[in-house]
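Asker: Sharing start-v9.csv (CSV, C-alpha atoms) below.
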```csv
chain,number,residue,atom,x,y,z
A,25,MET,CA,0.0,0.0,0.0
A,26,GLY,CA,1.3,3.3,-0.9
A,27,ARG,CA,1.0,6.0,1.7
A,28,ALA,CA,-0.2,9.4,0.7
A,29,LYS,CA,2.7,11.8,0.6
A,30,LEU,CA,2.3,14.8,2.9
A,31,PRO,CA,3.5,17.9,1.3
A,32,ARG,CA,6.4,19.4,3.3
A,33,LYS,CA,5.4,22.7,4.7
A,34,SER,CA,7.6,25.6,5.4
A,35,THR,CA,7.9,26.8,9.0
A,36,VAL,CA,8.4,30.3,8.0
A,37,ILE,CA,5.4,32.4,8.8
A,38,ASP,CA,4.6,35.4,6.8
A,39,MET,CA,4.9,38.4,9.2
A,40,THR,CA,3.4,40.9,6.9
A,41,ALA,CA,-0.1,40.7,8.2
A,42,MET,CA,1.0,40.9,11.8
A,43,CYS,CA,3.2,43.9,11.0
A,44,ASP,CA,0.2,45.5,9.4
A,45,VAL,CA,-1.9,45.0,12.5
A,46,ALA,CA,0.8,46.3,14.8
A,47,PHE,CA,1.3,49.5,12.9
A,48,LEU,CA,-2.4,50.0,12.5
A,49,LEU,CA,-2.8,49.9,16.2
A,50,LEU,CA,0.3,52.1,16.6
A,51,ALA,CA,-1.2,54.7,14.3
A,52,PHE,CA,-4.4,54.6,16.2
A,53,PHE,CA,-2.7,55.2,19.6
A,54,ILE,CA,-0.5,57.9,18.3
A,55,LEU,CA,-3.5,59.7,16.8
A,56,THR,CA,-5.7,59.4,19.9
A,57,THR,CA,-3.0,60.4,22.3
A,58,LYS,CA,-3.5,63.9,23.4
A,59,PHE,CA,-0.3,65.4,24.4
A,60,LYS,CA,-0.5,67.8,27.3
A,61,PRO,CA,-0.5,71.3,25.9
A,62,GLU,CA,2.2,73.4,27.3
A,63,GLU,CA,0.6,75.1,30.2
A,64,ALA,CA,1.1,78.7,31.1
A,65,ILE,CA,1.0,77.9,34.7
A,66,THR,CA,2.9,74.8,35.9
A,67,VAL,CA,1.2,72.9,38.6
A,68,VAL,CA,2.0,69.5,40.1
A,69,THR,CA,-1.3,68.2,41.4
A,70,PRO,CA,-1.5,65.9,44.4
A,71,ASN,CA,-2.7,62.3,44.2
A,72,SER,CA,-6.0,60.9,45.3
A,73,VAL,CA,-7.8,57.6,45.1
A,74,SER,CA,-10.7,59.3,43.3
A,75,ALA,CA,-11.5,57.6,40.0
A,76,LYS,CA,-13.8,60.2,38.6
A,77,PRO,CA,-12.3,61.8,35.5
A,78,ALA,CA,-12.3,65.6,35.3
A,79,GLU,CA,-14.5,67.1,32.7
A,80,GLU,CA,-12.8,68.9,29.9
A,81,LYS,CA,-15.5,71.2,28.8
A,82,ASP,CA,-17.7,73.9,30.4
A,83,PHE,CA,-15.4,74.3,33.3
A,84,VAL,CA,-14.2,77.0,35.6
A,85,ILE,CA,-10.8,76.2,37.1
A,86,VAL,CA,-9.2,78.1,39.9
A,87,THR,CA,-5.5,77.4,39.7
A,88,ILE,CA,-3.1,77.8,42.7
A,89,ASP,CA,0.5,77.6,41.8
A,90,ALA,CA,3.4,76.6,44.0
A,91,ASN,CA,3.9,80.2,45.2
A,92,GLY,CA,0.3,80.5,46.2
A,93,LYS,CA,-0.6,82.8,43.3
A,94,VAL,CA,-4.2,82.3,42.1
A,95,PHE,CA,-5.4,82.3,38.5
A,96,ILE,CA,-8.9,81.7,37.1
A,97,SER,CA,-9.7,80.1,33.7
A,98,MET,CA,-12.9,79.1,32.0
A,99,ASP,CA,-13.7,77.9,28.5
A,100,ASP,CA,-17.2,79.1,27.8
A,101,GLU,CA,-16.9,82.2,25.6
A,102,GLU,CA,-20.4,83.4,26.1
A,103,LYS,CA,-19.9,83.5,29.8
A,104,LYS,CA,-16.6,85.3,29.4
A,105,GLU,CA,-18.2,87.9,27.2
A,106,PHE,CA,-20.8,88.4,29.9
A,107,ILE,CA,-18.2,88.8,32.5
A,108,ALA,CA,-16.1,91.3,30.4
A,109,ASN,CA,-19.2,93.4,29.7
A,110,SER,CA,-20.3,93.5,33.3
A,111,LEU,CA,-16.7,94.4,34.3
A,112,ASN,CA,-16.7,97.2,31.8
A,113,ASN,CA,-20.1,98.4,33.1
A,114,THR,CA,-19.4,98.3,36.8
A,115,ARG,CA,-15.8,99.1,37.0
A,116,ASN,CA,-15.2,101.1,33.9
A,117,LEU,CA,-12.1,99.1,33.0
A,118,GLY,CA,-12.5,99.6,29.3
A,119,ILE,CA,-11.2,96.1,28.5
A,120,ASP,CA,-11.3,94.6,25.1
A,121,VAL,CA,-14.1,92.1,25.1
A,122,ASN,CA,-12.7,90.1,22.3
A,123,ALA,CA,-9.3,89.8,23.9
A,124,PHE,CA,-11.0,88.8,27.1
A,125,LYS,CA,-12.9,86.1,25.3
A,126,LYS,CA,-9.8,84.7,23.7
A,127,ALA,CA,-7.7,84.7,26.9
A,128,SER,CA,-7.4,81.3,28.4
A,129,PHE,CA,-6.8,82.5,31.9
A,130,PHE,CA,-6.7,85.6,34.0
A,131,GLY,CA,-4.1,86.3,36.6
A,132,THR,CA,-4.0,89.9,37.6
A,133,SER,CA,-6.0,92.4,39.7
A,134,PHE,CA,-8.9,94.0,38.0
A,135,SER,CA,-7.1,97.3,37.8
A,136,SER,CA,-4.3,95.8,35.6
A,137,LEU,CA,-6.6,93.5,33.6
A,138,LYS,CA,-6.5,95.8,30.6
A,139,SER,CA,-2.7,95.7,30.4
A,140,PHE,CA,-2.7,92.0,31.0
A,141,LEU,CA,-5.0,91.4,28.0
A,142,ALA,CA,-2.6,93.5,25.8
A,143,LEU,CA,0.3,91.2,26.7
A,144,ASP,CA,1.8,88.9,24.2
A,145,ASP,CA,1.0,85.2,24.7
A,146,SER,CA,4.7,84.5,25.4
A,147,GLN,CA,4.5,86.9,28.4
A,148,LYS,CA,1.3,85.4,29.8
A,149,LYS,CA,3.2,82.9,31.9
A,150,GLY,CA,2.3,82.1,35.5
A,151,ASP,CA,5.6,83.1,37.0
A,152,MET,CA,5.6,86.5,35.3
A,153,LEU,CA,2.2,87.5,36.6
A,154,PRO,CA,1.2,88.6,40.0
A,155,GLY,CA,-1.9,86.5,40.3
A,156,ILE,CA,-5.4,87.5,41.5
A,157,PRO,CA,-5.1,89.4,44.8
A,158,ILE,CA,-6.4,87.3,47.6
A,159,ASP,CA,-4.6,88.5,50.7
A,160,THR,CA,-7.1,90.4,52.8
A,161,THR,CA,-4.4,91.9,54.9
A,162,LYS,CA,-3.1,93.7,51.8
A,163,GLY,CA,-6.4,94.7,50.3
A,164,ASN,CA,-9.4,93.0,48.8
A,165,ASN,CA,-9.9,89.3,48.1
A,166,GLU,CA,-10.7,89.8,44.5
A,167,MET,CA,-11.5,86.1,44.1
A,168,VAL,CA,-14.8,86.9,45.8
A,169,GLU,CA,-15.7,89.3,43.1
A,170,TRP,CA,-14.5,86.9,40.4
A,171,MET,CA,-16.8,84.2,41.8
A,172,GLN,CA,-19.6,86.7,42.0
A,173,LEU,CA,-19.2,87.4,38.2
A,174,VAL,CA,-19.1,83.7,37.5
A,175,ALA,CA,-22.2,83.2,39.6
A,176,SER,CA,-24.1,85.9,37.6
A,177,ALA,CA,-22.8,84.6,34.3
A,178,TYR,CA,-24.1,81.2,35.2
A,179,GLN,CA,-27.4,82.6,36.5
A,180,GLY,CA,-30.0,79.9,36.6
A,181,LEU,CA,-27.7,77.3,35.2
A,182,LYS,CA,-25.9,74.9,37.4
A,183,LEU,CA,-22.2,75.1,37.4
A,184,ASN,CA,-21.1,71.5,37.9
A,185,ASN,CA,-17.6,71.8,36.9
A,186,LEU,CA,-16.0,74.1,39.4
A,187,TYR,CA,-12.5,72.9,39.9
A,188,VAL,CA,-9.6,73.9,42.1
A,189,LYS,CA,-6.3,72.9,40.7
A,190,GLY,CA,-3.7,73.4,43.4
A,191,ASP,CA,0.0,72.7,43.5
A,192,ASN,CA,1.4,70.2,46.0
A,193,ASN,CA,3.5,72.9,47.6
A,194,SER,CA,1.2,75.8,47.7
A,195,LYS,CA,0.5,77.1,51.2
A,196,TYR,CA,-2.9,76.6,52.7
A,197,PRO,CA,-3.9,80.3,53.1
A,198,SER,CA,-4.3,80.7,49.3
A,199,PHE,CA,-6.6,77.7,49.2
A,200,GLU,CA,-8.4,79.1,52.2
A,201,ALA,CA,-9.0,82.4,50.5
A,202,VAL,CA,-10.4,80.6,47.4
A,203,ILE,CA,-12.7,78.5,49.6
A,204,GLU,CA,-13.8,81.7,51.3
A,205,ALA,CA,-14.7,83.2,47.9
A,206,PHE,CA,-16.7,80.1,47.0
A,207,LYS,CA,-18.6,80.2,50.2
A,208,LYS,CA,-19.4,83.8,50.0
A,209,ASN,CA,-21.1,83.2,46.6
A,210,ASP,CA,-22.8,80.0,47.7
A,211,PHE,CA,-20.7,77.6,45.7
A,212,MET,CA,-20.8,75.0,48.3
A,213,LYS,CA,-19.7,72.2,46.1
A,214,PHE,CA,-16.5,72.0,44.1
A,215,GLN,CA,-14.0,69.5,42.9
A,216,MET,CA,-10.3,69.3,43.2
A,217,ILE,CA,-8.2,68.1,40.3
A,218,THR,CA,-5.8,65.4,41.3
A,219,SER,CA,-3.7,62.7,39.7
A,220,PRO,CA,-5.0,59.2,40.1
A,221,GLU,CA,-3.5,56.9,42.7
A,222,ALA,CA,-4.1,53.3,43.7
A,223,VAL,CA,-6.4,52.6,46.6
A,224,PRO,CA,-4.3,51.1,49.4
A,225,VAL,CA,-4.8,47.4,49.5
A,226,GLY,CA,-6.8,46.2,52.5
A,227,SER,CA,-8.3,49.6,53.4
A,228,GLU,CA,-12.0,50.0,54.0
A,229,TYR,CA,-12.6,51.7,50.7
A,230,TYR,CA,-10.7,48.9,49.0
A,231,LYS,CA,-12.9,46.3,50.6
A,232,LEU,CA,-16.1,48.1,49.8
A,233,ARG,CA,-15.1,48.6,46.2
A,234,ASP,CA,-14.1,44.9,46.0
A,235,LYS,CA,-17.6,43.9,47.1
A,236,GLY,CA,-18.9,45.9,44.2
A,237,GLU,CA,-20.8,48.3,46.3
A,238,LYS,CA,-21.6,51.6,44.7
A,239,LEU,CA,-19.6,54.4,46.2
A,240,GLU,CA,-20.5,57.9,45.8
A,241,ASP,CA,-17.8,60.2,44.4
B,25,MET,CA,3.1,39.6,-0.1
B,26,ALA,CA,6.4,41.3,0.1
B,27,GLU,CA,7.7,39.7,-3.0
B,28,MET,CA,8.3,40.8,-6.4
B,29,ASP,CA,8.2,38.8,-9.5
B,30,THR,CA,11.7,38.7,-10.6
B,31,SER,CA,11.6,35.7,-12.7
B,32,SER,CA,11.6,36.5,-16.3
B,33,SER,CA,9.1,34.3,-17.7
B,34,GLY,CA,8.3,33.8,-21.3
B,35,GLY,CA,10.9,33.7,-23.9
B,36,LYS,CA,10.2,36.9,-25.6
B,37,HIS,CA,13.4,38.6,-24.7
B,38,LYS,CA,16.0,36.2,-25.3
B,39,LYS,CA,19.4,37.2,-24.1
B,40,GLY,CA,22.2,36.9,-26.5
B,41,PRO,CA,24.9,34.4,-26.0
B,42,GLY,CA,27.4,35.3,-23.4
B,43,VAL,CA,25.1,37.5,-21.4
B,44,LYS,CA,25.0,36.1,-17.9
B,45,LYS,CA,21.8,35.6,-16.1
B,46,GLY,CA,21.6,37.6,-12.9
B,47,LYS,CA,21.3,35.5,-9.8
B,48,LYS,CA,17.8,35.4,-8.5
B,49,LEU,CA,17.7,37.1,-5.1
B,50,SER,CA,14.7,36.7,-2.8
B,51,THR,CA,13.1,40.0,-1.9
B,52,ARG,CA,11.5,38.5,1.1
B,53,VAL,CA,12.3,40.5,4.2
B,54,ASP,CA,12.1,39.1,7.7
B,55,LEU,CA,9.5,41.3,9.4
B,56,THR,CA,9.8,40.0,12.9
B,57,PRO,CA,12.0,42.8,14.3
B,58,MET,CA,9.6,45.4,12.7
B,59,VAL,CA,6.6,43.7,14.4
B,60,ASP,CA,8.6,43.8,17.7
B,61,LEU,CA,9.2,47.4,17.3
B,62,GLY,CA,5.6,48.1,16.4
B,63,PHE,CA,4.3,46.4,19.5
B,64,LEU,CA,6.9,48.1,21.7
B,65,LEU,CA,5.7,51.5,20.6
B,66,ILE,CA,2.1,50.4,21.1
B,67,THR,CA,2.7,49.5,24.7
B,68,PHE,CA,4.4,52.8,25.2
B,69,PHE,CA,1.5,54.7,23.8
B,70,ILE,CA,-1.1,52.7,25.8
B,71,PHE,CA,0.8,53.4,29.0
B,72,THR,CA,1.3,57.1,28.4
B,73,THR,CA,-2.4,57.7,27.4
B,74,THR,CA,-4.0,56.2,30.5
B,75,MET,CA,-1.6,57.6,33.0
B,76,SER,CA,-2.1,61.3,32.5
B,77,ASN,CA,-5.9,61.6,32.8
B,78,PRO,CA,-6.6,63.9,35.7
B,79,THR,CA,-9.3,62.9,38.2
B,80,ALA,CA,-11.6,65.1,40.3
B,81,MET,CA,-12.3,64.8,43.9
B,82,LYS,CA,-15.5,66.3,45.3
B,83,LEU,CA,-15.7,68.4,48.4
B,84,TYR,CA,-18.8,69.9,50.0
B,85,LEU,CA,-18.4,72.9,52.1
B,86,PRO,CA,-20.3,73.5,55.3
B,87,LYS,CA,-22.4,76.6,55.4
B,88,ASP,CA,-21.1,79.4,57.6
B,89,THR,CA,-23.8,80.4,60.0
B,90,ASP,CA,-23.8,82.6,63.0
B,91,LYS,CA,-27.1,81.3,64.4
B,92,PRO,CA,-26.4,78.6,66.9
B,93,GLU,CA,-29.6,76.7,66.1
B,94,GLU,CA,-28.5,76.2,62.5
B,95,GLN,CA,-25.1,74.9,63.4
B,96,ASN,CA,-24.4,71.3,63.1
B,97,LYS,CA,-23.8,69.8,66.5
B,98,ALA,CA,-21.2,67.2,67.0
B,99,LYS,CA,-21.1,65.0,70.0
B,100,GLU,CA,-18.0,65.4,72.0
B,101,SER,CA,-17.4,61.7,72.3
B,102,GLY,CA,-17.5,61.2,68.6
B,103,ALA,CA,-15.4,64.1,67.5
B,104,LEU,CA,-11.8,63.8,66.3
B,105,THR,CA,-10.0,66.9,65.4
B,106,LEU,CA,-7.0,66.8,63.1
B,107,LEU,CA,-4.7,69.8,62.8
B,108,LEU,CA,-2.4,69.9,59.8
B,109,GLY,CA,1.0,71.4,60.6
B,110,LYS,CA,4.2,72.2,58.9
B,111,GLY,CA,6.3,69.5,57.3
B,112,ASN,CA,3.6,66.8,56.9
B,113,ASN,CA,2.9,66.7,60.6
B,114,ILE,CA,-0.5,66.0,62.0
B,115,PHE,CA,-1.7,66.8,65.5
B,116,TYR,CA,-5.0,65.4,66.8
B,117,TYR,CA,-7.2,65.3,69.8
B,118,GLU,CA,-10.4,63.5,70.6
B,119,GLY,CA,-13.4,65.3,71.9
B,120,MET,CA,-12.6,68.7,73.4
B,121,LEU,CA,-9.2,70.0,73.8
B,122,ALA,CA,-8.1,69.6,77.4
B,123,PRO,CA,-7.1,72.9,79.1
B,124,ASP,CA,-3.7,71.5,79.8
B,125,ALA,CA,-3.5,70.1,76.3
B,126,SER,CA,-2.9,66.6,77.7
B,127,ASN,CA,-4.9,64.9,74.9
B,128,PHE,CA,-3.0,66.7,72.2
B,129,LYS,CA,-1.1,64.1,70.3
B,130,SER,CA,1.0,64.1,67.1
B,131,SER,CA,0.8,61.8,64.1
B,132,ASN,CA,2.0,61.7,60.5
B,133,PHE,CA,0.9,60.7,57.0
B,134,GLY,CA,2.7,57.4,57.3
B,135,VAL,CA,1.0,54.0,57.6
B,136,GLY,CA,2.7,53.0,60.8
B,137,GLU,CA,1.1,52.4,64.2
B,138,ASP,CA,0.9,56.2,65.0
B,139,GLY,CA,0.1,57.1,61.3
B,140,ILE,CA,-3.1,59.0,60.7
B,141,ARG,CA,-4.8,56.1,59.1
B,142,ASN,CA,-4.6,54.0,62.2
B,143,VAL,CA,-5.7,56.9,64.4
B,144,ILE,CA,-8.8,57.3,62.3
B,145,LEU,CA,-9.5,53.6,62.2
B,146,ARG,CA,-9.1,53.3,66.0
B,147,LYS,CA,-11.5,56.2,66.5
B,148,LYS,CA,-13.9,54.7,64.1
B,149,ALA,CA,-13.9,51.3,65.8
B,150,SER,CA,-14.2,52.8,69.3
B,151,THR,CA,-17.2,55.2,68.6
B,152,ASN,CA,-20.7,54.9,67.5
B,153,ILE,CA,-20.7,55.3,63.8
B,154,GLU,CA,-23.6,57.8,64.0
B,155,ASP,CA,-21.6,60.1,66.3
B,156,LEU,CA,-18.4,60.0,64.5
B,157,VAL,CA,-17.3,63.3,63.0
B,158,ILE,CA,-13.9,64.3,61.9
B,159,VAL,CA,-12.9,67.9,62.0
B,160,ILE,CA,-10.0,68.9,59.7
B,161,LYS,CA,-8.3,72.1,60.6
B,162,PRO,CA,-5.4,73.0,58.4
B,163,THR,CA,-3.1,75.6,59.9
B,164,LYS,CA,-1.3,78.4,57.9
B,165,GLU,CA,1.9,76.4,57.7
B,166,CYS,CA,0.5,73.3,55.9
B,167,VAL,CA,0.5,72.9,52.2
B,168,TYR,CA,-2.3,72.1,49.7
B,169,LYS,CA,-1.0,68.5,49.3
B,170,ASN,CA,-1.7,67.8,53.0
B,171,VAL,CA,-5.3,69.0,52.7
B,172,VAL,CA,-5.9,66.8,49.7
B,173,ASP,CA,-4.2,63.8,51.3
B,174,ILE,CA,-6.3,64.1,54.5
B,175,LEU,CA,-9.5,64.4,52.5
B,176,ASP,CA,-8.3,61.4,50.5
B,177,GLU,CA,-7.8,59.6,53.8
B,178,MET,CA,-11.5,60.2,54.7
B,179,LYS,CA,-12.4,58.5,51.5
B,180,ILE,CA,-10.1,55.6,52.0
B,181,ASN,CA,-11.4,55.0,55.5
B,182,VAL,CA,-15.0,55.6,54.4
B,183,ILE,CA,-15.7,58.4,56.9
B,184,LYS,CA,-19.1,59.8,56.1
B,185,ARG,CA,-19.1,62.9,58.2
B,186,TYR,CA,-16.1,65.3,58.1
B,187,ALA,CA,-15.7,69.0,57.8
B,188,LEU,CA,-12.9,71.4,56.8
B,189,VAL,CA,-12.8,74.1,59.4
B,190,LYS,CA,-10.6,77.0,60.3
B,191,ALA,CA,-8.3,76.4,63.2
B,192,PHE,CA,-8.7,78.4,66.4
B,193,ASP,CA,-5.8,80.6,67.5
B,194,ILE,CA,-5.1,78.5,70.6
B,195,GLU,CA,-4.8,75.4,68.3
B,196,GLN,CA,-2.5,77.3,66.0
B,197,GLN,CA,-0.3,78.2,68.9
B,198,LEU,CA,-0.2,74.7,70.2
B,199,VAL,CA,0.8,73.4,66.8
B,200,ALA,CA,3.5,76.0,66.5
B,201,LYS,CA,4.7,75.2,70.0
B,202,SER,CA,4.8,71.4,69.5
B,203,GLU,CA,6.6,71.9,66.2
B,204,SER,CA,9.3,74.0,67.7
B,205,SER,CA,9.8,71.6,70.6
B,206,SER,CA,10.1,68.6,68.3
B,207,THR,CA,12.7,70.2,66.1
B,208,ASN,CA,14.9,71.3,69.0
```
Using the file provided, produce a representation of the structure as structure tokens.
Answerer:
Amino acid sequence: MGRAKLPRKSTVIDMTAMCDVAFLLLAFFILTTKFKPEEAITVVTPNSVSAKPAEEKDFVIVTIDANGKVFISMDDEEKKEFIANSLNNTRNLGIDVNAFKKASFFGTSFSSLKSFLALDDSQKKGDMLPGIPIDTTKGNNEMVEWMQLVASAYQGLKLNNLYVKGDNNSKYPSFEAVIEAFKKNDFMKFQMITSPEAVPVGSEYYKLRDKGEKLED
Amino acid sequence: MAEMDTSSSGGKHKKGPGVKKGKKLSTRVDLTPMVDLGFLLITFFIFTTTMSNPTAMKLYLPKDTDKPEEQNKAKESGALTLLLGKGNNIFYYEGMLAPDASNFKSSNFGVGEDGIRNVILRKKASTNIEDLVIVIKPTKECVYKNVVDILDEMKINVIKRYALVKAFDIEQQLVAKSESSSTN
């Protein structure tokens, strides 16, 4: 009996298809990665176990840098226009509404806001600006007024994304002044931007989460 | 496939005598290192994308009120007051601060026996859960990181009732005094 001859197969695998897949995925990840835009104010945020991601639109962020200087930023242009107009009306600052709308953050006292807006983008850097005055021993806490403006801009609408983004090494009094400004304008709920951190193994939160219980953020 | 047809088929162009036929070289390239590189880069991008997403941590502020009937009362036995000092130091006392400051103790952000997590857990275990309230009082010397860390600690230890309150002058002084004595 003659046996059927098995054809000898080559052990070399064609890698082309795998290579295609690998580079397709690579292209996908490169395109979806959002590189951090160079920030005007450098802040190293503390870590927390919170897992709720920070929203990236319709926000108001109060930034506190390592020296305790306070800056405010918001993204809604309509609200910014409203704020610019009411500043012009009440304080007669004569600021350029369009420049105000385009500015990504504000970090000076109201009186020098006009010259701040005239600055070149390269000069709008956190360490070159004085920050919003908050020290009540040296004058007014202007954050109170800023938050008042924000409150009136968001009239009727709920501001859910009020964030504080503080630096690890900023001293507490700055944060306290910001909280004070929130409280005075009835912003009783805010969120702090942090970097994620693993929940310590064996802690109560860890056990609860392990059991699959729903935890409020 | 990564191959090209190099074989001259068909006898249309017959080479003349004496013209040597070029050796047939395979154009097949080993793609394994390229695949390796591809996946290496993929892993890199996967890791860098998920790592930099900032998270948000909620905080509810208590309402300031001057009217005593609107103030939230805390039972003395269930209160734990944490004072945040300079250089990651924490001071704490249970209930009311004794006039001679005998129940004024110090702690830190470590996870050791006298670390703040154990202090909180001991307090939690020893008091009625309904009465437990933690009062966080940051002093002027502490940094923002300390505040976030202690709020995080509330979350880790599942403390439902806590408040961020301004420290009294007497407490500020005590903290300053303990700090200077511990450094000397």
Asker: Could you list the residues in chain A lying within 8 Å of chain B, using only C-alpha atoms, and format the result as JSON, numbers by chain?
Answerer: {"A": [39, 40, 42, 43, 46, 47, 49, 50, 53, 54, 57, 58, 69, 70, 71, 72, 73, 74, 75, 76, 77, 78, 187, 190, 191, 192, 193, 194, 195, 196, 197, 199, 207, 212, 213, 214, 215, 216, 217, 218, 219, 220, 223, 224, 227, 228, 229, 230, 241]}
Asker: Hey, can you spit out that residue selection with C-alpha atoms as a short mmCIF file (atom, residue, chain, number, x, y, z; two decimals), in the coordinates of the input?
Answerer:
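Okay, this is what ended up in part-v8.cif:
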```cif
data_model
loop_
_atom_site.label_atom_id
_atom_site.label_comp_id
_atom_site.auth_asym_id
_atom_site.auth_seq_id
_atom_site.Cartn_x
_atom_site.Cartn_y
_atom_site.Cartn_z
CA MET A 39 4.90 38.40 9.20
CA THR A 40 3.40 40.90 6.90
CA MET A 42 1.00 40.90 11.80
CA CYS A 43 3.20 43.90 11.00
CA ALA A 46 0.80 46.30 14.80
CA PHE A 47 1.30 49.50 12.90
CA LEU A 49 -2.80 49.90 16.20
CA LEU A 50 0.30 52.10 16.60
CA PHE A 53 -2.70 55.20 19.60
CA ILE A 54 -0.50 57.90 18.30
CA THR A 57 -3.00 60.40 22.30
CA LYS A 58 -3.50 63.90 23.40
CA THR A 69 -1.30 68.20 41.40
CA PRO A 70 -1.50 65.90 44.40
CA ASN A 71 -2.70 62.30 44.20
CA SER A 72 -6.00 60.90 45.30
CA VAL A 73 -7.80 57.60 45.10
CA SER A 74 -10.70 59.30 43.30
CA ALA A 75 -11.50 57.60 40.00
CA LYS A 76 -13.80 60.20 38.60
CA PRO A 77 -12.30 61.80 35.50
CA ALA A 78 -12.30 65.60 35.30
CA TYR A 187 -12.50 72.90 39.90
CA GLY A 190 -3.70 73.40 43.40
CA ASP A 191 0.00 72.70 43.50
CA ASN A 192 1.40 70.20 46.00
CA ASN A 193 3.50 72.90 47.60
CA SER A 194 1.20 75.80 47.70
CA LYS A 195 0.50 77.10 51.20
CA TYR A 196 -2.90 76.60 52.70
CA PRO A 197 -3.90 80.30 53.10
CA PHE A 199 -6.60 77.70 49.20
CA LYS A 207 -18.60 80.20 50.20
CA MET A 212 -20.80 75.00 48.30
CA LYS A 213 -19.70 72.20 46.10
CA PHE A 214 -16.50 72.00 44.10
CA GLN A 215 -14.00 69.50 42.90
CA MET A 216 -10.30 69.30 43.20
CA ILE A 217 -8.20 68.10 40.30
CA THR A 218 -5.80 65.40 41.30
CA SER A 219 -3.70 62.70 39.70
CA PRO A 220 -5.00 59.20 40.10
CA VAL A 223 -6.40 52.60 46.60
CA PRO A 224 -4.30 51.10 49.40
CA SER A 227 -8.30 49.60 53.40
CA GLU A 228 -12.00 50.00 54.00
CA TYR A 229 -12.60 51.70 50.70
CA TYR A 230 -10.70 48.90 49.00
CA ASP A 241 -17.80 60.20 44.40
#
```
Asker: If we count all atoms listed in the file and set the cut-off at 8 Å, which residues sit around Asp155 in chain B, ignoring sequence neighbours fewer than 4 positions away in its own chain? Please answer as a list in words.
Answerer: Ala98, Lys99, Ser101, Gly102, Ala103 and Thr151 of chain B
Asker: Report the distance between CA of Phe140 in chain A and CA of Val68 in chain A in Å, rounded to one decimal place.
Answerer: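 So the answer is 24.7 Å.
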Asker: Could you give me, as a ChimeraX atom specification, the residues within 10 Å of Glu101 in chain A, counting only C-alpha atoms and dropping anything in the same chain fewer than 5 positions from it?
Answerer: /A:82,106-107,122,124-128
Asker: Quote the spacing between CA of Ser133 in chain A and CA of Thr66 in chain A in Å to one decimal place.
Answerer: 20.1 Å
Asker: If you measure from CA of Phe83 in chain A to CA of Asn112 in chain A, what distance in Å do you get, rounded to one decimal?
Answerer: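 CA of Asn112 in chain A lies 23.0 Å from CA of Phe83 in chain A.
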Asker: Measuring between all atoms listed in the file, which one of A:Leu111, A:Gly131, A:Ser139, A:Lys231 shows the shortest distance to Gln172 in chain A?
Answerer: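 Going through A:Leu111, A:Gly131, A:Ser139, A:Lys231 one by one, the smallest distance to Gln172 in chain A is for A:Leu111.
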Asker: Nearest to Lys81 in chain A among A:Asp100, A:Lys93, A:Asn209, A:Ser136, with distances taken over only C-alpha atoms: which residue is it?
Answerer: A:Asp100
Asker: Which one of A:Thr114, A:Gln179, A:Thr87, A:Ser135 sits closest to Gly150 in chain A if you count only C-alpha atoms?
Answerer: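 For Gly150 in chain A, the nearest of the given residues is A:Thr87.
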Asker: Using all atoms listed in the file, which of the listed residues (A:Leu173, A:Ile158, A:Leu186, A:Leu232) sits closest to Glu200 in chain A?
Answerer: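 Going through A:Leu173, A:Ile158, A:Leu186, A:Leu232 one by one, the smallest distance to Glu200 in chain A is for A:Ile158.
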Asker: Could you give me the centre and size, in Å to one decimal, of an axis-aligned box around all listed atoms of range 121-139 of chain A with 5 Å added on every side, as JSON?
Answerer:
```
{"center_x": -8.4, "center_y": 89.3, "center_z": 31.0, "size_x": 21.4, "size_y": 26.0, "size_z": 27.4}
```
Asker: Give me range 179-186 of chain B with N, CA and C atoms filled in, as an mmCIF file, in the coordinates of the input.
Answerer:
```cif
data_model
loop_
_atom_site.group_PDB
_atom_site.id
_atom_site.type_symbol
_atom_site.label_atom_id
_atom_site.label_comp_id
_atom_site.auth_asym_id
_atom_site.auth_seq_id
_atom_site.Cartn_x
_atom_site.Cartn_y
_atom_site.Cartn_z
ATOM 1 N N LYS B 179 -11.803 59.388 52.465
ATOM 2 C CA LYS B 179 -12.400 58.500 51.500
ATOM 3 C C LYS B 179 -11.927 57.079 51.626
ATOM 4 N N ILE B 180 -10.631 56.951 51.861
ATOM 5 C CA ILE B 180 -10.100 55.600 52.000
ATOM 6 C C ILE B 180 -10.657 54.893 53.194
ATOM 7 N N ASN B 181 -10.860 55.629 54.284
ATOM 8 C CA ASN B 181 -11.400 55.000 55.500
ATOM 9 C C ASN B 181 -12.903 55.084 55.604
ATOM 10 N N VAL B 182 -13.545 55.513 54.500
ATOM 11 C CA VAL B 182 -15.000 55.600 54.400
ATOM 12 C C VAL B 182 -15.578 56.340 55.637
ATOM 13 N N ILE B 183 -15.152 57.565 55.811
ATOM 14 C CA ILE B 183 -15.700 58.400 56.900
ATOM 15 C C ILE B 183 -16.801 59.269 56.182
ATOM 16 N N LYS B 184 -18.011 59.147 56.703
ATOM 17 C CA LYS B 184 -19.100 59.800 56.100
ATOM 18 C C LYS B 184 -19.220 61.308 56.472
ATOM 19 N N ARG B 185 -18.885 61.570 57.723
ATOM 20 C CA ARG B 185 -19.100 62.900 58.200
ATOM 21 C C ARG B 185 -17.699 63.568 58.521
ATOM 22 N N TYR B 186 -17.347 64.559 57.769
ATOM 23 C CA TYR B 186 -16.100 65.300 58.100
ATOM 24 C C TYR B 186 -16.292 66.722 57.583
#
```
